Amino acid sequence: MKVFRLFSLLDRLRSAGGPVSAEELARALEVSPRTIYRDMATLQAMGAPVRGEAGIGYQMERGYFLPPLSFDEEEMEAIALGMRLVRARGDAPLREAALRVSGKIGAASGDAGGEAALRLPLRAVTRERPQTETANRWLPGLRRAIRRQRMLRIDYVDLGGRESRRRVRPLGLTVFDEVWLLTGWCEERGDFRNFRLDRITAVAETGERARSERGRRFEDYLASL
């Protein structure tokens with residue numbers, strides 16, 4: 001996550017018209033100003049031309065630019081197909097993000113590379129199902145809770161029609177041909193549980209932080225399969 005945040009900081013500074021305060025960056029990235037200070041120190045140590053002045057903010061040195069990206073044919077096909085899969089199976093924010101990513105990759109690859117990516121004969125198609133709308137209703141909030149490590153209260157109806165309310169540490173999301181699954185650590189059961197998004201009837205953050213503990217992480221769940 002830190003790597004993505006560092007790239008996001010560079011992107012914001014590059015597009016800003018002037019200095020940007022640590023507080024403004026912290027609000028945009030939903031972290032603390034102290035995290036921004038550490039990230040900026042990391043970027044400067046890596047040689048990024050970022051400078052900051054007390055009371056003014058951070059800005060990128062003039063004349064700095066990212067070099068064009070270069071992808072081989074199979075890399076470009078993998079990127080294009082991945083973005084089209086997200087646009088076919090994701091919720092509205094994910095679809096919009098995929099469009100932005102495609103545009104950035106195309107621009108960074110140069111005119112010829114960007115045009116070639118748009119013309120690739122690869123498509124991803126999904127059939128609309130009744131459960132799709134329900135899943136897309138919960139996806140943005142679940143993705144946000146996973147990023148922020150927030151505990152959730154989930155009302156759920158299993159395939160047998162039994163209703164339950166769970167306190168869950170949300171860990172990861174998996175998309176299958178038919179459904180999306182949320183994997184979490186269920187506090188009531190003391191174990192990993194998977195929840196079909198189309199069977200969820202309500203979701204709310206509890207205000208608690210979902211601590212990362214060995215044996216209760218997404219990678220631990222995957223290792224147990």
# chains A, B, ... in the order shown; residues from 1 in each chain; ligands from 1

$ select_by_dssp --residues "range 8-196 of chain A" --states "alpha helix (DSSP H)" --output "PyMOL selection string"
chain A and resi 8-15+22-29+33-45+73-89+92-108+110-119+130-148

$ residues_around --residues "range 14-21 of chain A" --least-positions-apart "2" --cutoff "9 Å" --atoms "only C-alpha atoms" --output "list of chain:residue names"
A:Leu9, A:Leu10, A:Asp11, A:Arg12, A:Glu23, A:Glu24, A:Leu25, A:Ala26, A:Gly52, A:Glu53, A:Gly55, A:Ile56, A:Gly57, A:Tyr58, A:Gln59, A:Met60, A:Glu61, A:Tyr64, A:Phe65

$ write_last_selection --atoms "N, CA and C atoms" --output "CSV table (one decimal), in the first residue's frame"
chain,number,residue,atom,x,y,z
A,9,LEU,N,1.3,10.3,-4.4
A,9,LEU,CA,1.9,11.6,-3.9
A,9,LEU,C,2.6,12.3,-5.1
A,10,LEU,N,3.4,11.6,-5.8
A,10,LEU,CA,4.1,12.1,-6.9
A,10,LEU,C,3.2,12.6,-8.0
A,11,ASP,N,2.1,11.9,-8.2
A,11,ASP,CA,1.1,12.2,-9.2
A,11,ASP,C,0.4,13.5,-8.8
A,12,ARG,N,0.1,13.7,-7.6
A,12,ARG,CA,-0.6,14.9,-7.1
A,12,ARG,C,0.3,16.1,-7.1
A,23,GLU,N,-1.2,18.7,5.3
A,23,GLU,CA,-2.6,18.5,5.8
A,23,GLU,C,-3.5,18.2,4.6
A,24,GLU,N,-3.3,19.0,3.5
A,24,GLU,CA,-4.2,18.8,2.3
A,24,GLU,C,-3.9,17.4,1.7
A,25,LEU,N,-2.6,17.0,1.6
A,25,LEU,CA,-2.3,15.7,1.1
A,25,LEU,C,-2.8,14.6,2.0
A,26,ALA,N,-2.7,14.8,3.3
A,26,ALA,CA,-3.2,13.8,4.2
A,26,ALA,C,-4.7,13.6,4.0
A,52,GLY,N,10.2,20.7,0.3
A,52,GLY,CA,9.1,21.3,1.2
A,52,GLY,C,9.6,22.4,2.0
A,53,GLU,N,8.8,23.4,2.3
A,53,GLU,CA,9.2,24.5,3.1
A,53,GLU,C,8.1,24.7,4.2
A,55,GLY,N,5.4,26.0,6.4
A,55,GLY,CA,4.4,27.1,6.2
A,55,GLY,C,4.0,27.2,4.8
A,56,ILE,N,4.6,26.6,3.8
A,56,ILE,CA,4.3,26.7,2.4
A,56,ILE,C,3.8,25.4,1.9
A,57,GLY,N,4.5,24.3,2.1
A,57,GLY,CA,4.0,23.0,1.6
A,57,GLY,C,5.1,22.4,0.7
A,58,TYR,N,4.6,21.3,0.1
A,58,TYR,CA,5.5,20.5,-0.8
A,58,TYR,C,5.2,20.8,-2.2
A,59,GLN,N,6.3,20.7,-3.0
A,59,GLN,CA,6.1,20.8,-4.5
A,59,GLN,C,7.3,20.1,-5.2
A,60,MET,N,7.0,19.8,-6.5
A,60,MET,CA,8.0,19.1,-7.3
A,60,MET,C,8.8,20.1,-8.1
A,61,GLU,N,10.1,19.9,-8.2
A,61,GLU,CA,11.0,20.8,-8.9
A,61,GLU,C,10.5,20.9,-10.4
A,64,TYR,N,10.7,18.5,-14.0
A,64,TYR,CA,10.7,17.1,-13.7
A,64,TYR,C,9.6,16.4,-14.4
A,65,PHE,N,9.8,15.2,-15.0
A,65,PHE,CA,8.8,14.5,-15.7
A,65,PHE,C,9.1,13.0,-15.6

$ residues_around --residues "range 77-85 of chain A" --least-positions-apart "2" --cutoff "9 Å" --atoms "only C-alpha atoms" --output "NGL selection string"
:A and (72-75 or 87-90 or 95 or 98-99 or 101-102 or 105 or 117-118 or 120 or 122-126)

$ closest_residue --among "A:Leu6, A:Leu222, A:Leu181, A:Leu139" --to "Leu29 in chain A" --atoms "only C-alpha atoms"
A:Leu6

$ atom_distance --atom1 "CA of Phe218 in chain A" --atom2 "CA of Trp185 in chain A"
8.9 Å

$ closest_residue --among "A:Ile36, A:Leu182, A:Leu197, A:Leu142" --to "Pro130 in chain A" --atoms "only C-alpha atoms"
A:Leu197
